[in-house]
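Text of protein_20.cif, listed as mmCIF, C-alpha atoms:
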data_query
#
loop_
_atom_site.label_atom_id
_atom_site.label_comp_id
_atom_site.auth_asym_id
_atom_site.auth_seq_id
_atom_site.Cartn_x
_atom_site.Cartn_y
_atom_site.Cartn_z
CA MET F 1 82.26 -24.85 26.43
CA ILE F 2 79.26 -23.87 28.54
CA ALA F 3 77.47 -22.46 25.47
CA ASN F 4 78.03 -25.73 23.57
CA TRP F 5 76.65 -27.73 26.49
CA GLN F 6 73.58 -25.48 26.67
CA ARG F 7 72.89 -25.96 22.95
CA HIS F 8 73.32 -29.72 23.35
CA VAL F 9 70.89 -29.79 26.26
CA ARG F 10 68.26 -27.80 24.35
CA SER F 11 68.47 -30.08 21.31
CA SER F 12 68.68 -33.46 23.09
CA PRO F 13 65.83 -34.73 25.32
CA ARG F 14 68.17 -37.33 26.80
CA ALA F 15 70.62 -34.63 27.84
CA GLN F 16 67.78 -32.63 29.37
CA ASP F 17 66.62 -35.62 31.42
CA THR F 18 70.17 -36.36 32.59
CA THR F 19 70.73 -32.77 33.65
CA THR F 20 67.39 -32.67 35.47
CA ALA F 21 68.15 -35.93 37.30
CA LEU F 22 71.58 -34.67 38.45
CA LEU F 23 70.20 -31.36 39.68
CA LEU F 24 67.36 -33.08 41.53
CA PHE F 25 69.77 -35.50 43.20
CA ALA F 26 71.84 -32.54 44.36
CA VAL F 27 68.83 -31.13 46.23
CA SER F 28 66.77 -34.23 47.07
CA PHE F 29 69.54 -36.11 48.91
CA PRO F 30 70.27 -33.29 51.37
CA GLY F 31 66.55 -32.57 51.66
CA SER F 32 65.78 -36.16 52.63
CA LEU F 33 68.06 -35.85 55.68
CA TYR F 34 65.85 -33.25 57.34
CA VAL F 35 63.63 -34.11 60.29
CA ALA F 36 60.98 -32.04 62.03
CA THR F 37 62.10 -29.85 64.90
CA GLY F 38 61.98 -31.85 68.11
CA SER F 39 61.61 -35.21 66.30
CA PRO F 40 64.17 -37.95 66.87
CA ASP F 41 66.63 -38.79 64.11
CA PRO F 42 65.54 -41.68 61.89
CA ALA F 43 66.96 -45.07 62.74
CA ALA F 44 68.03 -45.73 59.12
CA PRO F 45 71.58 -44.68 58.17
CA TRP F 46 72.23 -41.71 55.89
CA TRP F 47 73.29 -43.83 52.94
CA THR F 48 69.75 -45.24 52.60
CA ALA F 49 68.55 -41.69 51.92
CA ALA F 50 71.24 -41.35 49.25
CA LEU F 51 70.20 -44.68 47.71
CA LEU F 52 66.52 -43.74 47.64
CA SER F 53 67.32 -40.35 46.10
CA CYS F 54 69.52 -42.04 43.49
CA VAL F 55 66.73 -44.47 42.56
CA SER F 56 64.17 -41.68 42.29
CA CYS F 57 66.39 -39.51 40.12
CA ALA F 58 67.45 -42.45 37.91
CA ALA F 59 63.78 -43.24 37.26
CA LEU F 60 63.42 -39.81 35.64
CA LEU F 61 65.78 -40.83 32.84
CA PHE F 62 62.97 -42.79 31.17
CA HIS F 63 59.95 -40.74 32.28
CA ARG F 64 59.20 -39.69 28.68
CA ASP F 65 58.72 -43.23 27.33
CA HIS F 66 57.53 -44.91 30.54
CA PRO F 67 55.83 -42.29 32.74
CA ARG F 68 53.93 -44.88 34.81
CA SER F 69 57.07 -46.83 35.68
CA ALA F 70 58.91 -43.65 36.62
CA LEU F 71 55.98 -42.59 38.82
CA ALA F 72 55.85 -46.00 40.51
CA LEU F 73 59.60 -45.96 41.36
CA THR F 74 59.60 -42.39 42.68
CA THR F 75 56.47 -43.10 44.72
CA ALA F 76 58.03 -46.24 46.20
CA ALA F 77 61.17 -44.30 47.14
CA ALA F 78 59.14 -41.51 48.78
CA VAL F 79 57.01 -44.00 50.76
CA THR F 80 60.13 -45.88 51.90
CA SER F 81 61.74 -42.62 53.02
CA ALA F 82 58.60 -41.68 54.97
CA ALA F 83 58.49 -45.18 56.55
CA GLN F 84 62.03 -44.62 57.82
CA GLY F 85 60.81 -41.56 59.72
CA ARG F 86 62.25 -38.90 57.42
CA LEU F 87 60.37 -35.66 56.82
CA LEU F 88 58.69 -35.31 53.41
CA THR F 89 59.69 -31.86 52.14
CA VAL F 90 59.53 -30.18 48.75
CA LEU F 91 63.23 -31.00 48.33
CA SER F 92 62.96 -34.71 49.11
CA LEU F 93 59.78 -35.02 47.00
CA GLY F 94 61.37 -33.24 44.00
CA PRO F 95 61.80 -36.40 41.84
CA LEU F 96 58.25 -37.54 42.65
CA MET F 97 56.86 -34.11 41.71
CA VAL F 98 58.67 -34.20 38.35
CA ALA F 99 57.37 -37.73 37.71
CA LEU F 100 53.80 -36.64 38.55
CA TYR F 101 54.09 -33.64 36.22
CA SER F 102 55.38 -35.84 33.39
CA PHE F 103 52.66 -38.43 33.99
CA ALA F 104 49.89 -35.80 33.96
CA LEU F 105 51.35 -34.23 30.81
CA ARG F 106 51.42 -37.51 28.89
CA THR F 107 48.17 -39.14 30.08
CA GLU F 108 45.01 -38.42 28.12
CA HIS F 109 42.36 -39.56 30.59
CA ASN F 110 41.48 -37.13 33.37
CA ALA F 111 40.13 -39.90 35.60
CA LEU F 112 43.39 -41.81 35.36
CA ARG F 113 45.44 -38.73 36.29
CA ARG F 114 43.24 -38.03 39.31
CA SER F 115 43.31 -41.67 40.42
CA TYR F 116 47.12 -41.85 40.40
CA ALA F 117 47.49 -38.48 42.13
CA PHE F 118 45.06 -39.27 44.93
CA GLY F 119 46.53 -42.76 45.26
CA VAL F 120 50.01 -41.30 45.82
CA VAL F 121 48.60 -38.83 48.36
CA ALA F 122 46.83 -41.64 50.21
CA LEU F 123 50.02 -43.76 50.36
CA LEU F 124 52.17 -40.92 51.65
CA MET F 125 49.64 -39.78 54.24
CA ALA F 126 49.00 -43.33 55.49
CA THR F 127 52.74 -43.98 55.78
CA GLU F 128 53.32 -40.74 57.67
CA LEU F 129 50.41 -41.41 60.05
CA ILE F 130 51.49 -45.01 60.74
CA ALA F 131 55.30 -44.91 60.65
CA GLY F 132 56.07 -41.24 61.28
CA PRO F 133 57.07 -39.95 64.72
CA ALA F 134 54.05 -39.49 67.01
CA ASP F 135 55.11 -35.99 68.05
CA ARG F 136 55.38 -34.73 64.46
CA PRO F 137 52.70 -32.06 63.70
CA LEU F 138 49.64 -33.35 61.87
CA ASP F 139 49.89 -30.77 59.09
CA LEU F 140 53.36 -32.04 58.17
CA LYS F 141 51.92 -35.54 57.87
CA THR F 142 48.85 -34.64 55.80
CA VAL F 143 48.65 -31.15 54.29
CA GLY F 144 52.28 -30.91 53.21
CA PRO F 145 52.54 -34.17 51.22
CA ALA F 146 49.09 -33.65 49.67
CA ALA F 147 49.97 -30.12 48.47
CA TRP F 148 53.34 -31.13 46.99
CA VAL F 149 51.73 -34.07 45.14
CA LEU F 150 48.61 -32.36 43.80
CA MET F 151 50.37 -29.19 42.63
CA PRO F 152 52.54 -30.79 39.86
CA THR F 153 49.59 -32.95 38.79
CA ALA F 154 47.43 -29.87 38.31
CA LEU F 155 50.24 -28.05 36.52
CA GLY F 156 50.85 -30.96 34.13
CA SER F 157 47.14 -31.21 33.36
CA ALA F 158 46.95 -27.46 32.66
CA VAL F 159 49.95 -27.59 30.32
CA ARG F 160 48.45 -30.58 28.54
CA LEU F 161 45.14 -28.76 28.05
CA ARG F 162 46.99 -25.69 26.79
CA ARG F 163 48.95 -27.73 24.26
CA ALA F 164 45.78 -29.52 23.13
CA TYR F 165 44.05 -26.17 22.67
CA LEU F 166 46.96 -24.78 20.62
CA ASP F 167 47.06 -27.95 18.51
CA ALA F 168 43.33 -27.66 17.87
CA VAL F 169 43.67 -24.01 16.87
CA ARG F 170 46.57 -24.86 14.56
CA ALA F 171 44.63 -27.76 13.03
CA ARG F 172 41.60 -25.53 12.42
CA ALA F 173 43.82 -22.89 10.82
CA GLU F 174 45.43 -25.48 8.54
CA HIS F 175 42.02 -26.92 7.68
CA ALA F 176 40.68 -23.45 6.92
CA GLU F 177 43.67 -22.76 4.68
CA ARG F 178 43.18 -26.03 2.80
CA THR F 179 39.47 -25.29 2.52
CA ARG F 180 40.16 -21.84 1.08
CA GLU F 181 42.50 -23.34 -1.49
CA GLU F 182 39.97 -26.02 -2.42
CA GLU F 183 37.20 -23.41 -2.62
CA ALA F 184 39.38 -21.21 -4.83
CA ARG F 185 40.12 -24.15 -7.14
CA ARG F 186 36.44 -25.07 -7.24
CA ARG F 187 35.40 -21.54 -8.11
CA VAL F 188 38.06 -21.32 -10.82
CA ALA F 189 36.85 -24.61 -12.31
CA GLU F 190 33.21 -23.48 -12.22
CA GLU F 191 34.13 -20.13 -13.75
CA ARG F 192 35.99 -21.85 -16.59
CA LEU F 193 32.93 -23.99 -17.29
CA ARG F 194 30.65 -20.94 -17.28
CA ILE F 195 32.95 -19.03 -19.60
CA ALA F 196 33.10 -22.03 -21.93
CA ARG F 197 29.28 -22.27 -21.96
CA GLU F 198 28.81 -18.58 -22.66
CA LEU F 199 31.36 -18.51 -25.46
CA HIS F 200 29.91 -21.69 -26.93
CA ASP F 201 26.40 -20.23 -26.89
CA VAL F 202 27.44 -16.88 -28.30
CA THR F 203 29.91 -18.01 -30.97
CA ALA F 204 29.32 -21.63 -31.92
CA GLN F 205 25.54 -21.43 -32.12
CA HIS F 206 25.42 -18.11 -33.97
CA LEU F 207 28.15 -19.24 -36.34
CA ALA F 208 26.32 -22.52 -36.97
CA LEU F 209 23.16 -20.60 -37.75
CA ALA F 210 25.06 -18.17 -39.98
CA ASN F 211 26.63 -21.12 -41.79
CA ALA F 212 23.19 -22.65 -42.38
CA GLN F 213 21.88 -19.32 -43.65
CA ALA F 214 24.87 -19.00 -45.95
CA GLY F 215 24.18 -22.48 -47.32
CA THR F 216 20.55 -21.55 -47.91
CA LEU F 217 21.72 -18.34 -49.60
CA ALA F 218 23.98 -20.27 -51.95
CA HIS F 219 21.08 -22.58 -52.83
CA LEU F 220 18.70 -19.67 -53.48
CA LEU F 221 21.19 -17.91 -55.71
CA ARG F 222 20.83 -20.75 -58.20
CA GLY F 223 17.06 -21.12 -58.20
CA GLN F 224 15.29 -18.29 -56.34
CA PRO F 225 17.37 -15.13 -56.55
CA ASP F 226 14.38 -12.98 -55.50
CA GLN F 227 14.66 -14.30 -51.90
CA VAL F 228 18.35 -13.53 -51.58
CA HIS F 229 17.84 -10.10 -50.04
CA LYS F 230 15.74 -11.53 -47.19
CA ILE F 231 18.33 -14.19 -46.39
CA LEU F 232 21.09 -11.59 -46.50
CA ALA F 233 19.14 -9.45 -44.01
CA ASP F 234 18.67 -12.46 -41.73
CA LEU F 235 22.37 -13.28 -42.01
CA ALA F 236 23.29 -9.72 -41.06
CA THR F 237 20.90 -9.92 -38.10
CA THR F 238 22.48 -13.18 -36.95
CA THR F 239 26.04 -11.87 -37.11
CA SER F 240 25.15 -8.59 -35.39
CA ALA F 241 23.38 -10.54 -32.63
CA ALA F 242 26.48 -12.70 -32.21
CA LEU F 243 28.71 -9.63 -31.94
CA ARG F 244 26.35 -7.96 -29.46
CA GLU F 245 26.11 -11.01 -27.19
CA LEU F 246 29.85 -11.60 -27.41
CA LYS F 247 30.46 -8.00 -26.33
CA ASP F 248 28.01 -8.36 -23.42
CA THR F 249 29.62 -11.64 -22.32
CA VAL F 250 33.16 -10.27 -22.41
CA GLY F 251 31.95 -7.18 -20.56
CA LEU F 252 30.46 -9.30 -17.79
CA LEU F 253 33.59 -11.45 -17.53
CA ARG F 254 35.77 -8.35 -17.23
CA HIS F 255 33.46 -6.74 -14.68
CA GLU F 256 35.16 -6.21 -11.30
CA GLY F 257 33.60 -5.99 -7.86
CA THR F 258 30.88 -8.58 -8.44
CA GLU F 259 30.43 -10.73 -5.34
CA ASP F 260 28.75 -13.64 -7.08
CA THR F 261 30.27 -14.15 -10.49
CA ALA F 262 28.14 -17.21 -10.99
CA ASP F 263 24.93 -15.21 -10.94
CA THR F 264 26.46 -12.52 -13.12
CA THR F 265 27.76 -14.79 -15.82
CA GLU F 266 24.53 -16.75 -15.81
CA GLY F 267 22.73 -13.53 -16.68
CA ALA F 268 21.09 -12.82 -13.34
CA SER F 269 22.27 -9.21 -13.32
CA SER F 270 22.59 -8.46 -17.03
CA PRO F 271 19.73 -6.41 -18.48
CA THR F 272 20.69 -7.44 -22.01
CA ALA F 273 20.75 -11.19 -21.36
CA PRO F 274 18.34 -13.04 -23.68
CA GLY F 275 15.29 -14.86 -22.35
CA LEU F 276 12.06 -16.48 -23.49
CA ALA F 277 10.76 -13.02 -24.45
CA ARG F 278 13.09 -13.23 -27.46
CA LEU F 279 11.96 -16.71 -28.42
CA ALA F 280 10.03 -15.40 -31.44
CA ASP F 281 13.15 -13.71 -32.85
CA LEU F 282 15.12 -16.91 -32.26
CA THR F 283 12.67 -19.15 -34.11
CA ALA F 284 12.44 -16.64 -36.97
CA SER F 285 16.21 -16.77 -37.45
CA PHE F 286 16.06 -20.56 -37.75
CA ARG F 287 13.25 -20.34 -40.31
CA SER F 288 15.55 -18.32 -42.55
CA ALA F 289 18.00 -21.23 -42.32
CA GLY F 290 15.38 -23.66 -43.65
CA LEU F 291 14.03 -25.02 -40.33
CA ASP F 292 10.33 -24.48 -39.67
CA VAL F 293 9.87 -24.02 -35.89
CA THR F 294 6.51 -23.99 -34.13
CA VAL F 295 6.07 -22.87 -30.52
CA SER F 296 3.22 -23.98 -28.27
CA THR F 297 2.44 -22.97 -24.68
CA GLU F 298 0.45 -24.94 -22.11
CA GLY F 299 -0.71 -23.58 -18.78
CA GLU F 300 -0.50 -20.01 -17.56
CA PRO F 301 2.93 -18.45 -18.31
CA ARG F 302 4.74 -17.47 -15.13
CA GLN F 303 7.70 -15.23 -14.39
CA LEU F 304 11.05 -17.03 -14.30
CA THR F 305 14.10 -15.95 -12.39
CA PRO F 306 16.70 -14.22 -14.62
CA ALA F 307 19.03 -17.23 -14.46
CA ALA F 308 16.21 -19.69 -15.29
CA ASP F 309 14.97 -17.43 -18.11
CA LEU F 310 18.42 -17.34 -19.68
CA THR F 311 18.81 -21.10 -19.17
CA ALA F 312 15.51 -21.83 -20.95
CA PHE F 313 16.48 -19.61 -23.88
CA ARG F 314 19.94 -21.18 -24.21
CA ILE F 315 18.54 -24.72 -24.11
CA VAL F 316 16.06 -23.92 -26.93
CA GLN F 317 18.83 -22.20 -28.89
CA GLU F 318 21.24 -25.12 -28.51
CA ALA F 319 18.60 -27.75 -29.29
CA LEU F 320 17.49 -25.97 -32.48
CA THR F 321 21.11 -25.43 -33.50
CA ASN F 322 21.76 -29.17 -33.13
CA VAL F 323 18.75 -29.88 -35.36
CA THR F 324 20.11 -27.49 -37.98
CA LYS F 325 23.63 -28.89 -37.85
CA HIS F 326 23.16 -32.63 -37.42
CA ALA F 327 19.64 -33.64 -38.53
CA THR F 328 17.81 -33.98 -41.81
CA ALA F 329 14.61 -32.69 -40.22
CA LYS F 330 12.84 -29.69 -41.73
CA THR F 331 10.50 -28.95 -38.83
CA ALA F 332 10.91 -28.71 -35.08
CA ARG F 333 8.50 -28.13 -32.21
CA VAL F 334 9.11 -26.13 -29.04
CA ARG F 335 6.67 -26.81 -26.20
CA LEU F 336 6.47 -24.77 -22.99
CA ALA F 337 4.35 -26.39 -20.26
CA TYR F 338 3.86 -24.34 -17.07
CA SER F 339 2.74 -25.90 -13.78
CA HIS F 340 2.56 -24.46 -10.28
CA ASP F 341 6.23 -25.10 -9.50
CA ARG F 342 8.09 -25.84 -12.73
CA LEU F 343 8.45 -25.22 -16.44
CA THR F 344 8.76 -28.27 -18.69
CA LEU F 345 10.56 -27.33 -21.89
CA THR F 346 10.55 -29.75 -24.84
CA VAL F 347 12.31 -29.36 -28.20
CA ALA F 348 11.74 -32.15 -30.75
CA ASP F 349 12.30 -32.56 -34.47
CA ASP F 350 10.12 -34.52 -36.89
CA GLY F 351 12.64 -37.18 -37.87
CA GLY F 352 16.20 -37.72 -38.89
CA THR F 353 18.29 -38.27 -35.78
CA ILE F 354 21.78 -37.15 -35.16
CA GLY F 355 24.20 -38.80 -37.51
CA SER F 356 21.71 -39.75 -40.28
CA ALA F 357 23.15 -38.04 -43.33
CA PRO F 358 23.91 -34.74 -41.63
CA PRO F 359 24.51 -31.84 -43.99
CA THR F 360 27.40 -30.62 -41.84
CA PRO F 361 28.91 -33.55 -39.95
CA PRO F 362 30.33 -32.78 -36.50
CA VAL F 363 34.03 -32.53 -35.96
CA PRO F 364 35.60 -35.81 -34.75
CA GLY F 365 35.77 -35.77 -30.98
CA GLY F 366 32.39 -34.12 -30.61
CA GLY F 367 31.34 -30.88 -28.96
CA PHE F 368 29.79 -29.76 -25.71
CA GLY F 369 26.16 -29.10 -26.65
CA LEU F 370 24.39 -31.69 -24.51
CA VAL F 371 26.89 -31.26 -21.68
CA GLY F 372 26.35 -27.50 -21.66
CA MET F 373 22.55 -27.83 -21.68
CA ARG F 374 22.65 -30.30 -18.82
CA GLU F 375 25.00 -28.09 -16.79
CA ARG F 376 22.77 -25.07 -17.35
CA ALA F 377 19.68 -26.95 -16.19
CA GLN F 378 21.48 -28.21 -13.08
CA SER F 379 22.80 -24.72 -12.27
CA VAL F 380 19.23 -23.48 -11.63
CA GLY F 381 18.10 -26.64 -9.83
CA GLY F 382 16.55 -28.38 -12.85
CA ARG F 383 17.30 -31.45 -14.91
CA LEU F 384 17.56 -32.34 -18.58
CA ARG F 385 17.11 -35.48 -20.65
CA ALA F 386 17.95 -35.88 -24.33
CA GLY F 387 17.74 -38.80 -26.71
CA PRO F 388 16.05 -40.30 -29.78
CA ARG F 389 12.26 -40.42 -29.85
CA PRO F 390 10.48 -43.77 -30.21
CA GLY F 391 8.75 -42.63 -33.41
CA GLY F 392 11.85 -41.09 -34.92
CA GLY F 393 13.61 -37.82 -34.44
CA PHE F 394 15.39 -36.40 -31.42
CA GLU F 395 13.99 -34.78 -28.30
CA VAL F 396 15.42 -32.54 -25.59
CA ARG F 397 13.33 -32.24 -22.42
CA ALA F 398 14.22 -29.91 -19.56
CA GLU F 399 12.42 -29.29 -16.26
CA LEU F 400 13.19 -25.96 -14.59
CA PRO F 401 11.81 -24.91 -11.16
CA LEU F 402 9.77 -21.72 -10.85
CA GLY F 403 9.28 -19.08 -8.15
CA GLU F 404 10.14 -19.94 -4.56
CA THR F 405 11.02 -23.49 -5.53
CA ALA F 406 13.76 -22.23 -7.84
CA LEU F 407 15.20 -19.94 -5.17
CA THR F 408 15.14 -22.66 -2.53
CA ILE F 409 16.83 -25.24 -4.76
CA ARG F 410 19.45 -22.76 -5.89
CA GLU F 411 20.27 -21.63 -2.34
CA THR F 412 20.55 -25.26 -1.24
CA ALA F 413 22.89 -26.06 -4.13
CA LEU F 414 25.09 -23.05 -3.35
CA ALA F 415 25.21 -24.01 0.34
CA ILE F 416 26.25 -27.57 -0.49
CA ARG F 417 28.93 -26.42 -2.91
CA SER F 418 30.35 -23.97 -0.33
CA ARG F 419 30.81 -26.61 2.37
CA PRO F 420 34.40 -27.31 3.43
CA GLY F 421 35.91 -30.17 1.47
CA ALA F 422 33.43 -29.93 -1.37
CA LYS F 423 34.96 -31.26 -4.53
CA PRO F 424 35.27 -29.00 -7.56
CA PRO F 425 33.30 -29.99 -10.63
CA SER F 426 35.06 -32.40 -12.87
CA ALA F 427 35.93 -31.53 -16.42
CA ALA F 428 33.12 -32.13 -18.83
CA ARG F 429 33.61 -34.89 -21.32
CA PRO F 430 32.86 -34.15 -24.96
CA SER F 431 29.41 -35.10 -26.17
CA SER F 432 28.27 -36.03 -29.60
CA THR F 433 26.73 -32.66 -30.35
#
Render the structure in this file as C-alpha cells.
Amino acid sequence: MIANWQRHVRSSPRAQDTTTALLLFAVSFPGSLYVATGSPDPAAPWWTAALLSCVSCAALLFHRDHPRSALALTTAAAVTSAAQGRLLTVLSLGPLMVALYSFALRTEHNALRRSYAFGVVALLMATELIAGPADRPLDLKTVGPAAWVLMPTALGSAVRLRRAYLDAVRARAEHAERTREEEARRRVAEERLRIARELHDVTAQHLALANAQAGTLAHLLRGQPDQVHKILADLATTTSAALRELKDTVGLLRHEGTEDTADTTEGASSPTAPGLARLADLTASFRSAGLDVTVSTEGEPRQLTPAADLTAFRIVQEALTNVTKHATAKTARVRLAYSHDRLTLTVADDGGTIGSAPPTPPVPGGGFGLVGMRERAQSVGGRLRAGPRPGGGFEVRAELPLGETALTIRETALAIRSRPGAKPPSAARPSST
C-alpha cells in the first residue's frame, strides 16, 4: 500500500503538491503558535493561526501554474501572522519559503525574482517592527525573516540556472549530432558526384573517342587501307589510356586513410592524374578521330594547383569529346590565356552546333557533360559558361583561379561547406551533352 502511494506521488505532480501541503500544515500550524521567550502571548486566538496555516498550505496546490498568486497568498498569511504578534520561525514560514522557491524556479527574469524577494522581506520586517512586541529582540524581527526569505529564493534561482545550463548542453549535443549527420550526408552526396564525374571522364569520353576512331577506321578500310595501321595504333592507345585511368581512379576510390577524399579524387595527390602537360597527346588522339585541333597560348604559362590542372584537362577533354560526338565540325580551337590571377580556357568548334545532323545522336534523356564541367570548375573556385557562338559553332569558356587566389577561394569554399547546417549539393540534372 505504501509502495503504491509512493509510486503515485512520484508520477503525479498533483499528488506531490497535496502531500507537500499536508506535511507543511503539520509543521507550520504548531510553529505559528510559538512566541519569543519573555514576550506576551498574542491576543489573537489559536484558531486564527490554524486558518492562516491552512490558507498558506492550500495556496501551494496551484503553485506550479500560478506561482505569483501562491506567493501573494502565503505572503499575506505570513504578514497577518506577524501583525498578530506571533514569532516568524522557519516552521511558520515553511509555506512561504516553498512558494518563494517555486516562484524563483519558474520566473525567467532575475530582476523580477529579486524585486519580489526583497519586497516580501520589507513587508515582514516592517510588520515585525511596527506590530511586534517591543521587547522582542531586533535580530528576530529583521535578520531571521530576511534569511528565511532570501535562502529559498537563492536556491530556486540556482536550480533554475542549473537546469538551463543542462538544457543548453543537451541542445548543443543534439545540434552537434544533427550537424554530424547532415555533414555525413553532404560528404556522401559530394563523393557520389565526384565518383560519377571521374567514371564519366574515364569511361564515357574514352569510349566516345574510341567509337569515333572505329568509325574512321571503317571508313578508311573502304578507301584508304594504307592508313588503317595508324588508326589501329591510335585506337589501342585510347583503350589502354582508358584502362590505365580507370585503374588509377578505382585505386584512389579504394584508398583508405585519406583525410580529404575530395582532394584525392580530384587528383590533388595522384602523381598519375592527367594535366595540361598531356594536352598534346589529347589533341593528337582527337586528330586520329577526324577532328583537327589547334592549341594556342596567350600570356606567360603559370603553374596550376594539381586540382586546377586536372580540371583544365578534363574540361578540354569533355569539350572536344562533345564536338566529336554531337557536332558536324571538323576543326576545333583550344585557347589558353594566362593572366596574373587566372587561366581563361576556351574550346570552340568552327560550326555545326549540337543537334545539327550529329553522326552519333545522344541518348534520349541526355548526359552529364556540361554539368560535370561546371561542377569541376566550381570545385576549384572557377566558373564555366557554354553555349552557341554568334557566328556559328559551340564554345565552352572556363575561368580558373591561379596561385594564391586559387588556394584562398578553395579554402573559403571548404569552410562554407563545412559550416553547421550547410545543405548537401543537390542531384545534378541531366544536360544535353
Residue nearest Phe62 in chain F among F:Arg14, F:Arg389, F:His109, F:Arg383 (counting only C-alpha atoms):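 Of F:Arg14, F:Arg389, F:His109, F:Arg383, the one nearest Phe62 in chain F, counting only C-alpha atoms, is F:Arg14.
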Within 7 Å of Cys57 in chain F using only C-alpha atoms, minus same-chain residues under 2 positions, as a list of chain:residue names: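 These residues fall inside the cut-off: F:Ala21, F:Leu24, F:Phe25, F:Ser53, F:Cys54, F:Val55, F:Ala59, F:Leu60, F:Pro95.
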Residues just named, written with C-alpha atoms as a CSV table (one decimal), in the frame of the given file:
chain,number,residue,atom,x,y,z
F,21,ALA,CA,68.2,-35.9,37.3
F,24,LEU,CA,67.4,-33.1,41.5
F,25,PHE,CA,69.8,-35.5,43.2
F,53,SER,CA,67.3,-40.4,46.1
F,54,CYS,CA,69.5,-42.0,43.5
F,55,VAL,CA,66.7,-44.5,42.6
F,59,ALA,CA,63.8,-43.2,37.3
F,60,LEU,CA,63.4,-39.8,35.6
F,95,PRO,CA,61.8,-36.4,41.8
Polymer residues at most 12 Å from Gly119 in chain F, all atoms listed in the file, same-chain spacing of 6 or more positions, as JSON, numbers by chain: {"F": [71, 72, 75, 79, 100, 111, 112, 113, 125, 126, 146, 149, 150]}
Those same residues - C-alpha atoms - I'd like them written as a PDB file, in the coordinates of the input.
ATOM      1  CA  LEU F  71      55.980 -42.590  38.820  1.00  0.00           C
ATOM      2  CA  ALA F  72      55.850 -46.000  40.510  1.00  0.00           C
ATOM      3  CA  THR F  75      56.470 -43.100  44.720  1.00  0.00           C
ATOM      4  CA  VAL F  79      57.010 -44.000  50.760  1.00  0.00           C
ATOM      5  CA  LEU F 100      53.800 -36.640  38.550  1.00  0.00           C
ATOM      6  CA  ALA F 111      40.130 -39.900  35.600  1.00  0.00           C
ATOM      7  CA  LEU F 112      43.390 -41.810  35.360  1.00  0.00           C
ATOM      8  CA  ARG F 113      45.440 -38.730  36.290  1.00  0.00           C
ATOM      9  CA  MET F 125      49.640 -39.780  54.240  1.00  0.00           C
ATOM     10  CA  ALA F 126      49.000 -43.330  55.490  1.00  0.00           C
ATOM     11  CA  ALA F 146      49.090 -33.650  49.670  1.00  0.00           C
ATOM     12  CA  VAL F 149      51.730 -34.070  45.140  1.00  0.00           C
ATOM     13  CA  LEU F 150      48.610 -32.360  43.800  1.00  0.00           C
TER      14      LEU F 150
END
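Nearest to Ala277 in chain F of all the residues F:Lys141, F:Glu300, F:Ala307, F:Phe313 is F:Phe313, based on all atoms listed in the file.
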Neighbour list for range 330-337 of chain F as a list in words, cut-off 8 Å, all atoms listed in the file, skip fewer than 2 positions in-chain: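 Result of the neighbour search: Gly290, Leu291, Asp292, Val293, Thr294, Val295, Ser296, Thr297, Glu298, Gly299, Val316, Leu320, Val323, Thr328, Ser339, Leu343, Thr344, Leu345, Thr346, Val347, Ala348, Asp349 and Asp350 of chain F.
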I'd like the residues picked by the PyMOL selection byres ((chain F and resi 282) around 12) written out as a PDB file with C-alpha atoms, in the coordinates of the input, using the chain letters and numbers from the file.
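In the end it all went to out-v8.pdb:
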ATOM      1  CA  GLN F 205      25.540 -21.430 -32.120  1.00  0.00           C
ATOM      2  CA  HIS F 206      25.420 -18.110 -33.970  1.00  0.00           C
ATOM      3  CA  LEU F 209      23.160 -20.600 -37.750  1.00  0.00           C
ATOM      4  CA  ASP F 234      18.670 -12.460 -41.730  1.00  0.00           C
ATOM      5  CA  THR F 237      20.900  -9.920 -38.100  1.00  0.00           C
ATOM      6  CA  THR F 238      22.480 -13.180 -36.950  1.00  0.00           C
ATOM      7  CA  ALA F 241      23.380 -10.540 -32.630  1.00  0.00           C
ATOM      8  CA  PRO F 274      18.340 -13.040 -23.680  1.00  0.00           C
ATOM      9  CA  GLY F 275      15.290 -14.860 -22.350  1.00  0.00           C
ATOM     10  CA  LEU F 276      12.060 -16.480 -23.490  1.00  0.00           C
ATOM     11  CA  ALA F 277      10.760 -13.020 -24.450  1.00  0.00           C
ATOM     12  CA  ARG F 278      13.090 -13.230 -27.460  1.00  0.00           C
ATOM     13  CA  LEU F 279      11.960 -16.710 -28.420  1.00  0.00           C
ATOM     14  CA  ALA F 280      10.030 -15.400 -31.440  1.00  0.00           C
ATOM     15  CA  ASP F 281      13.150 -13.710 -32.850  1.00  0.00           C
ATOM     16  CA  THR F 283      12.670 -19.150 -34.110  1.00  0.00           C
ATOM     17  CA  ALA F 284      12.440 -16.640 -36.970  1.00  0.00           C
ATOM     18  CA  SER F 285      16.210 -16.770 -37.450  1.00  0.00           C
ATOM     19  CA  PHE F 286      16.060 -20.560 -37.750  1.00  0.00           C
ATOM     20  CA  ARG F 287      13.250 -20.340 -40.310  1.00  0.00           C
ATOM     21  CA  SER F 288      15.550 -18.320 -42.550  1.00  0.00           C
ATOM     22  CA  ALA F 289      18.000 -21.230 -42.320  1.00  0.00           C
ATOM     23  CA  LEU F 291      14.030 -25.020 -40.330  1.00  0.00           C
ATOM     24  CA  ASP F 292      10.330 -24.480 -39.670  1.00  0.00           C
ATOM     25  CA  VAL F 293       9.870 -24.020 -35.890  1.00  0.00           C
ATOM     26  CA  THR F 294       6.510 -23.990 -34.130  1.00  0.00           C
ATOM     27  CA  VAL F 295       6.070 -22.870 -30.520  1.00  0.00           C
ATOM     28  CA  PHE F 313      16.480 -19.610 -23.880  1.00  0.00           C
ATOM     29  CA  ARG F 314      19.940 -21.180 -24.210  1.00  0.00           C
ATOM     30  CA  ILE F 315      18.540 -24.720 -24.110  1.00  0.00           C
ATOM     31  CA  VAL F 316      16.060 -23.920 -26.930  1.00  0.00           C
ATOM     32  CA  GLN F 317      18.830 -22.200 -28.890  1.00  0.00           C
ATOM     33  CA  GLU F 318      21.240 -25.120 -28.510  1.00  0.00           C
ATOM     34  CA  ALA F 319      18.600 -27.750 -29.290  1.00  0.00           C
ATOM     35  CA  LEU F 320      17.490 -25.970 -32.480  1.00  0.00           C
ATOM     36  CA  THR F 321      21.110 -25.430 -33.500  1.00  0.00           C
ATOM     37  CA  VAL F 334       9.110 -26.130 -29.040  1.00  0.00           C
TER      38      VAL F 334
END
Nearby residues (all atoms listed in the file) at most 12 Å from Leu51 in chain F, same-chain spacing under 6 positions excluded, as a ChimeraX atom specification: /F:25,28-30,32,44-45,57-58,74,77-78,80-81
